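In what follows, a structure is listed as C-alpha cells, so that the remarks can point back to it.
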Amino acid sequence: MNSKSTCWQCGRAGYELFCSHCGALRAPAADFFELFGMEEQLSLDAGELQRRFYELSRKLHPDLYVRKSEQERQNAVDASALLNDGYRTLRDPVKRAEYVLKRHGFDIGEQRSKDVPPELLEEVFELNMALEEIRGGDESARDQLEAAGERFKTMLGDIDRELQSEFERFDASRESDVLASIRRILNRRRYIQNLVNEVEKETLAANERK
Amino acid sequence: MGLQIDFGHPAKSRVVGIDLGTTNSLVAYMDLTAPKIIPGADGDKLVPSVVSYTESGEILVGNPARNELITHPERTAYSVKRLMGRGRADIEDELKLFPFRIAPGSESVIRLQLGDRTFTPPEISAAVLRQLKQNAEAFFAEPVTQAVITVPAYFNDAQRQATKDAGRIAGLEVLRLVNEPTAASLAYGLDKRQNGIIAVYDLGGGTFDISILRLQDGLFEVLATNGDTHLGGDDIDNLLIRIGLEDIASEWGEDLSANQEAVQLLRRAVIKAKEQLSFTPAAIIDLEYRGKRYRRELTRDVFERIITPIVDRTLGPCRACLADAGVSIDQIDEVVLVGGSTRIPLVRQAVENLFRAKPHTELNPDEVVALGAAVQAGILSGEVENKLLLDVTPLSLGIETMGGVVSKLIHRNSTIPASATETFTTAVDGQRNVLIHVVQGERELAKDCRSLARFDLKDIEPLPAGMARIEVRFLIDANGILNVTAKDLRTGKEQSVDVKPSYGLSDEQVEAMIRESFEKAEEDLTARQVREARLDADTILQATEKAKQNDAWFELTDEERAQIDRAVNELLVVYHSDDHLLIRAKIDQLNSATLRLAENMMNTAVRGALKGTKI
C-alpha cells in the first residue's frame with residue numbers, strides 16, 4: 001500500500017511502514033490515505049478511521065521509541081505528526097474534501113475569492129447594513145441580524161447535504177468533473193461560513209457589552 | 001555470604017517522574033506496579049520550591065530555604081515557576097504581589113537578585129531539580145540522570161522550553177514534559193475501571209488547568225485543554241495578605257507592606273488559616289511581630305465570599321474546554337481534582353455544581369501529579385505497557401503576515417506531535433532573506449499574541465520577486481515544543497534556520513550554566529560517594545570487630561584470621577583517602593575474607609537456637 005523506499009537501517013527496499021526485513025520504523029510516506037491504509041474515499045466511516053488512528057498511535061507514538069536510535073526516534077516523531085495531522089484532516093468532511101482536491105491537482109489555497117456569489121448579493125447587502133447600524137449603536141437591527149444568521153445556518157445545512165451526495169457520486173464515479181463541482185460548493189460554503197462567523201462575532205461582542 | 005550484603009548493581013538507567021510545582025516539588029518512581037513518592041533526607045515527601053543563596057555562598061533548597069524566607073528574604077526566592085519563560089514586560093502584575101527582586105538588564109530573560117548574585121528562573125528551578133535528583137540518588141544508591149517533568153497544560157512554548165532548560169542545567173535528560181492534568185489522570189488509573197470521558201480540574205499554587213480526556217483501553221486521548229497560567233492558591237494568599245496589611249495599618253498605625261520580613265510572616269499566618277478553613281468553620285490569622293500581636297478571626301463564610309471571584313475565574317476556561325472538546329456536561333463520566341487548592345470546600349462545590357458529578361479525591365492532590373509523572377516515566381522506560389498518552393497543544397501556533405495579522409498554522413487542541421508546512425517567497429527582486437515571526441495565541445493580531453521566535457531564512461538565491469520557494473516545516477513535538485526546519489524547494493537543499501527565541505535562554509547560555517553546575521555537581525557527587533563508602537566501611541569494620549568476640553572467630557584457621565586482620569588494616573589505611581573506588585575495593589576484599597567467618601557464625605547461631613529448643 002505504501003510507496004516503495006529503502007530502509008535506513010538495513011538498506012533493503014520495501015513498501016511497509018515497518019521494514020519487513022529488520023523491523024525498523026521507516027520514514028513515513030507523506031500521504032494520509034496511505035498512512036491509514038485506506039482507499040481514497042470522500043465518504044469515510046468515522047468509526048473505522050478512529051479505530052485505525054488509535055491502532056497506529058499505539059505503534060508510532062514517540063513515547064515508544066525513547067530508547068531507540070536517533071534516526072528511529074525522529075521517524076517516530078515524523079510519523080506521529082503525520083498521523084495526527086492526517087486524522088485531523090480526514091475526520092473533518094470539509095478538510096478531507098480539500099485534501100482530496102489537492103491530491104488531484106486542484107489548487108484550493110488561492111481560491112478564497114472575495115467575490116460574492118450572485119445569488120447571495122441581496123442577503124449580503126442587507127447583512128452589512130444591519131451590522132453597520134448595530135455597530136453605530138442602533139439596536140433595532142438586531143432581530144434582522146439574528147434572522148440572517150439563522151438563514152445562513154440553514155444554508156450551511158443544505159450545502160452539507162449537497163456535499164454528502166456529491167461525495168458519494170465521486171466515490172462511485174471517480175470523475176474529475178465531480179471534484180470540480182465539489183470545489184465550487186466548498187467555495188460557496190466557505191463564503192457562507194464567514195458570514196455566520198461575522199454574525200456570531202457581533203453577537204458575542206454584544207453579550208460581552210451586557 | 002559475607003558480613004556485608006552486596007552494594008547493589010548498577011541497574012539499567014532509571015527514569016524518575018518529577019512534579020516541579022509553584023509551591024512544592026516532588027519526585028516519584030515506578031515500584032513494580034505502583035508509582036511511589038521518594039522522600040527527602042528529612043523524611044518529607046514535599047520539597048518546598050524555595051531556594052536560598054546564603055552569605056557563605058551555599059545554595060539551600062526546600063525546608064531549610066523556607067526558613068530563610070523569614071530571616072533572609074533578600075537572598076531567597078519562591079514561586080519562581082511564575083517567572084519561567086517570561087520577559088520583564090510580562091510580569092508587571094506579578095511584581096505588585098510578589099517580592100521578586102529583578103536585577104537590571106532583565107529584558108528577554110528575567111534575572112533575580114539573591115544577595116550579590118543573580119539567577120535566572122531556570123537556574124533556580126534547576127536547584128530544586130538537583131535536590132530532587134539527589135533525593136532519588138540517595139534512595140536508589142545510584143546515579144539518576146533521566147526524568148519526566150510535568151508542566152501546566154496551559155504552559156506556552158517559552159515556559160516549556162525554560163522548564164526543559166532547568167532540567168538540563170540540573171544534569172537531567174528530560175525525556176518528556178507531561179501536562180500536569182494528564183499526568184494526574186494516569187495516576188488515578190481510571191482506565192482500569194472503564195472507558196469513558198473524564199475531566200481533570202487542577203488548581204495549584206500558581207496555575208489552573210482543565211483538561212478533558214477520552215479513555216479507550218489504556219489510551220488517554222486529551223480532547224481539549226484550557227486554563228490560566230497565573231491563577232492559583234497564591235492569589236488567595238495575596239488577597240488575605242492585603243486584608244491583613246490593611247487591618248494592621250489601622251490597628252497599629254503602621255504600614256508593613258514594604259517590610260518583607262513582616263509580609264512573609266503574615267503570608268505564613270494566612271496560609272495556616274486558609275488551610276485550617278478547609279476543615280473547620282473558622283480560623284484565626286495570628287501574627288506576632290516585634291512584640292505586637294495581630295489576631296483576626298476568619299469564618300468560612302467570609303473566606304468564601306473573599307475567594308469567590310478567584311474560584312469563578314476557573315469556570316470560564318472549563319466551559320471553553322467543554323466546547324472545544326465537543327463534549328456536553330452530561331457526557332462527563334468522572335471528574336478528578338488535582339492541586340492543593342482543590343482541598344478548599346468552595347472549590348469542590350464549584351466543580352461539583354458545574355460538572356454535576358462528585359469528583360475523585362482519593363489520591364492526595366499534592367502527590368497525584370508526581371505519581372502520574374512516574375507512570376509516564378514507566379511508559380517511556382517500557383516498565384508500563386499498554387498505556388499511552390495522546391496530548392494536545394494548548395495554544396494555536398501562527399505566523400505574522402501582512403498588516404500584523406496572524407495566519408494560524410496549527411490550531412489549539414491539536415494532538416501532538418503536530419506539524420504544518422508553509423511555503424514562503426520573496427517580495428522584491430534579488431531578495432536574500434525572509435524574516436519570519438512565530439507567535440502563539442488565539443488573537444487575530446500578532447501584537448496580541450505571545451511572540452515565540454523570529455527567524456531568518458538566509459542565503460536565498462537571488463531571483464526575481466516571487467520566484468524563490470522556501471518550504472518551512474513547523475513541528476510541535478510530544479513535549480509541546482516547537483521545532484522549525486526549512487527547505488529550498490528549487491534546489492531541494494535544507495536551509496539553515498537561525499531561531500532567536502523572544503523569551504528564554506539561548507543554547508550557549510544553557511550550555512554555560514550546565515558547565516558551571518556540572519563542575520559543582522562533580523565535586524558534590526565525589527564528596528557524597530566518598531562519604532557513603534566510608535559509612536559502608538564503618539559498618540563492615542564494626543561487624544568484624546564484633547565477630548571477633550564470637551565462638552566462630554576461634555573456629556577459623558590461623559591463616560584465615562591473619563587474612564582478615566590484613567584486610568582490616570588495608571581498609572583502615574585507605575579509609576581517609578578521597579578515592580571512593582579504592583575504599584570500595586578494600587571493603588570488597590574484607591568482605592570476601594570474612595566469608596567463612598560469616599558462615600561459621602550462622603552455623604553457631606543455628607546450633608545455639610537448636611540447643612535452646614526443647615523437644
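Residue numbering restarts at 1 for every chain of the C-alpha cells, chains are lettered A, B, ... in their displayed order, and ligands are numbered from 1 as they appear.
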How close does chain A get to chain B? List, as JSON lines, each residue of chain A within 9 Å, its nearest atom pair and the distance in Å to one decimal, counting only C-alpha atoms.
{"residue": "A:Tyr54", "atom": "CA", "partner": "B:Leu219", "partner_atom": "CA", "distance": 7.9}
{"residue": "A:Ser57", "atom": "CA", "partner": "B:Leu390", "partner_atom": "CA", "distance": 8.2}
{"residue": "A:Arg58", "atom": "CA", "partner": "B:Leu388", "partner_atom": "CA", "distance": 7.1}
{"residue": "A:His61", "atom": "CA", "partner": "B:Leu388", "partner_atom": "CA", "distance": 8.2}
{"residue": "A:Pro62", "atom": "CA", "partner": "B:Ala478", "partner_atom": "CA", "distance": 7.1}
{"residue": "A:Asp63", "atom": "CA", "partner": "B:Leu380", "partner_atom": "CA", "distance": 5.4}
{"residue": "A:Leu64", "atom": "CA", "partner": "B:Leu380", "partner_atom": "CA", "distance": 6.3}
{"residue": "A:Tyr65", "atom": "CA", "partner": "B:Leu380", "partner_atom": "CA", "distance": 7.9}
{"residue": "A:Val66", "atom": "CA", "partner": "B:Leu380", "partner_atom": "CA", "distance": 6.2}
{"residue": "A:Arg67", "atom": "CA", "partner": "B:Ser381", "partner_atom": "CA", "distance": 7.5}
{"residue": "A:Val77", "atom": "CA", "partner": "B:Pro417", "partner_atom": "CA", "distance": 6.5}
{"residue": "A:Asp78", "atom": "CA", "partner": "B:Pro417", "partner_atom": "CA", "distance": 7.9}
{"residue": "A:Ala79", "atom": "CA", "partner": "B:Pro417", "partner_atom": "CA", "distance": 9.0}
{"residue": "A:Ser80", "atom": "CA", "partner": "B:Pro417", "partner_atom": "CA", "distance": 6.1}
{"residue": "A:Ala81", "atom": "CA", "partner": "B:Ala418", "partner_atom": "CA", "distance": 4.5}
{"residue": "A:Leu82", "atom": "CA", "partner": "B:Ala418", "partner_atom": "CA", "distance": 7.3}
{"residue": "A:Leu83", "atom": "CA", "partner": "B:Ala418", "partner_atom": "CA", "distance": 8.6}
{"residue": "A:Asn84", "atom": "CA", "partner": "B:Thr415", "partner_atom": "CA", "distance": 6.0}
{"residue": "A:Asp85", "atom": "CA", "partner": "B:Ala418", "partner_atom": "CA", "distance": 6.1}
{"residue": "A:Arg88", "atom": "CA", "partner": "B:Ser414", "partner_atom": "CA", "distance": 7.8}
request  = List the neighbours of A:Asp107 out to 10 Å using only C-alpha atoms; skip same-chain residues closer than 6 positions along the sequence, and give me the result as a ChimeraX atom specification.
outcome  = /A:98,101,183
Hey, can you spit out that residue selection with C-alpha atoms as a PDB file, in the first residue's frame?
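Resulting contents of selection17.pdb:
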ATOM      1  CA  GLU A  98      -9.964  19.899   0.283  1.00  0.00           C
ATOM      2  CA  LEU A 101      -8.947  18.045  -4.271  1.00  0.00           C
ATOM      3  CA  ARG A 183     -14.743  22.694  -5.294  1.00  0.00           C
TER       4      ARG A 183
END
Hey, what's within 6 Å of stretch 162-171 of chain A if we count only C-alpha atoms and toss same-chain stuff fewer than 4 positions away? As a PDB file with N, CA and C atoms, in the first residue's frame, please?
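Just written: around_5.pdb:
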ATOM      1  N   GLN A  41     -11.362   7.889  -0.270  1.00  0.00           N
ATOM      2  CA  GLN A  41     -12.824   7.965  -0.286  1.00  0.00           C
ATOM      3  C   GLN A  41     -13.233   9.310   0.272  1.00  0.00           C
ATOM      4  N   LEU A  42     -14.278   9.905  -0.283  1.00  0.00           N
ATOM      5  CA  LEU A  42     -14.770  11.156   0.292  1.00  0.00           C
ATOM      6  C   LEU A  42     -15.764  10.901   1.418  1.00  0.00           C
ATOM      7  N   SER A  43     -16.537   9.792   1.319  1.00  0.00           N
ATOM      8  CA  SER A  43     -17.382   9.427   2.461  1.00  0.00           C
ATOM      9  C   SER A  43     -16.624   8.374   3.241  1.00  0.00           C
ATOM     10  N   VAL A 178     -16.781  15.855 -11.071  1.00  0.00           N
ATOM     11  CA  VAL A 178     -17.463  15.863  -9.769  1.00  0.00           C
ATOM     12  C   VAL A 178     -16.621  16.655  -8.781  1.00  0.00           C
TER      13      VAL A 178
END
ask   = Near stretch 9-21 of chain A, within 12 Å and counting only C-alpha atoms, which residues show up once chain neighbours fewer than 5 positions away are dropped, as a ChimeraX atom specification?
value = /A:1-4,26-30,34-37,56,59-60,69-72,75-76,79-80
query = What does the distance between atom CA of B:Lys272 and atom CA of B:Arg343 come to in Å, to one decimal place?
reply =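 So the answer is 13.4 Å.
The interatomic distance for the pair atom CA of A:Met155 and atom CA of B:His411 works out to 26.1 Å.
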Selection: 9 Å around A:Gln50, only C-alpha atoms, excl. self and same-chain fewer than 5 positions, as a compact mmCIF listing (two decimals) with C-alpha atoms, in the first residue's frame:
# COMPACT_ATOMS: atom_id res chain seq x y z
CA ASP A 45 -16.53 5.62 8.02
CA GLU A 55 -4.16 1.39 16.42
CA TYR A 87 -6.58 12.26 11.48
CA ARG A 91 -12.20 13.20 10.11
request  = Once DSSP has gone over the backbone, tell me which residues of stretch 286-361 of chain B are in strand (DSSP E), as a ChimeraX atom specification.
outcome  = /B:286-289,292-299,334-338
query = Can you tell me how far atom CA of B:Val51 sits from atom CA of B:Ile124, in Å to one decimal?
reply =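 Straight-line distance from atom CA of B:Val51 to atom CA of B:Ile124 works out to 6.6 Å.
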task = as a PyMOL selection string, please: all residues of stretch 21-99 of chain B that backbone DSSP puts in alpha helix (DSSP H).
result = chain B and resi 63-71+92-97
Residues as selected, N, CA and C atoms, written as a short mmCIF file (atom, residue, chain, number, x, y, z; two decimals), in the first residue's frame, can you do that?
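Wrote again26.cif, looks like this:
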data_model
loop_
_atom_site.label_atom_id
_atom_site.label_comp_id
_atom_site.auth_asym_id
_atom_site.auth_seq_id
_atom_site.Cartn_x
_atom_site.Cartn_y
_atom_site.Cartn_z
N ASN B 63 12.96 22.81 52.69
CA ASN B 63 12.64 23.27 54.04
C ASN B 63 13.69 24.22 54.64
N PRO B 64 15.00 23.91 54.50
CA PRO B 64 15.98 24.87 55.04
C PRO B 64 15.86 26.25 54.39
N ALA B 65 15.56 26.26 53.07
CA ALA B 65 15.44 27.54 52.37
C ALA B 65 14.18 28.28 52.81
N ARG B 66 13.15 27.52 53.17
CA ARG B 66 11.89 28.15 53.57
C ARG B 66 12.09 28.96 54.85
N ASN B 67 12.94 28.46 55.73
CA ASN B 67 13.22 29.22 56.95
C ASN B 67 13.93 30.53 56.63
N GLU B 68 14.76 30.49 55.58
CA GLU B 68 15.50 31.70 55.18
C GLU B 68 14.55 32.78 54.66
N LEU B 69 13.35 32.35 54.21
CA LEU B 69 12.38 33.34 53.71
C LEU B 69 12.10 34.39 54.78
N ILE B 70 12.10 33.97 56.04
CA ILE B 70 11.84 34.90 57.13
C ILE B 70 13.12 35.65 57.51
N THR B 71 14.22 34.90 57.65
CA THR B 71 15.44 35.53 58.14
C THR B 71 16.20 36.28 57.05
N GLU B 92 4.77 42.66 35.14
CA GLU B 92 4.40 43.85 35.91
C GLU B 92 3.39 43.51 37.01
N ASP B 93 2.36 42.74 36.62
CA ASP B 93 1.29 42.42 37.57
C ASP B 93 1.82 41.58 38.73
N GLU B 94 2.71 40.65 38.40
CA GLU B 94 3.26 39.77 39.44
C GLU B 94 4.05 40.59 40.44
N LEU B 95 4.76 41.59 39.91
CA LEU B 95 5.67 42.34 40.79
C LEU B 95 4.92 43.11 41.86
N LYS B 96 3.65 43.44 41.56
CA LYS B 96 2.86 44.14 42.57
C LYS B 96 2.56 43.22 43.74
N LEU B 97 2.53 41.93 43.48
CA LEU B 97 2.10 40.97 44.51
C LEU B 97 3.24 40.15 45.09
#
query = Which polymer residues have any atom within 9 Å of an atom of stretch 199-209 of chain A, counting only C-alpha atoms, with same-chain residues fewer than 3 positions away left out, as a list in words?
reply =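 Here the qualifying residues turn out to be Leu127, Leu131, Ile134, Arg135, Arg142, Leu145, Glu146, Ala148, Gly149, Asn194, Leu195 and Val196 of chain A.
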ask   = Of the candidates B:Arg432, B:Lys36, B:Arg295, B:Arg313, which shows the shortest atom-to-atom distance to B:Pro462, using only C-alpha atoms?
value = B:Arg432
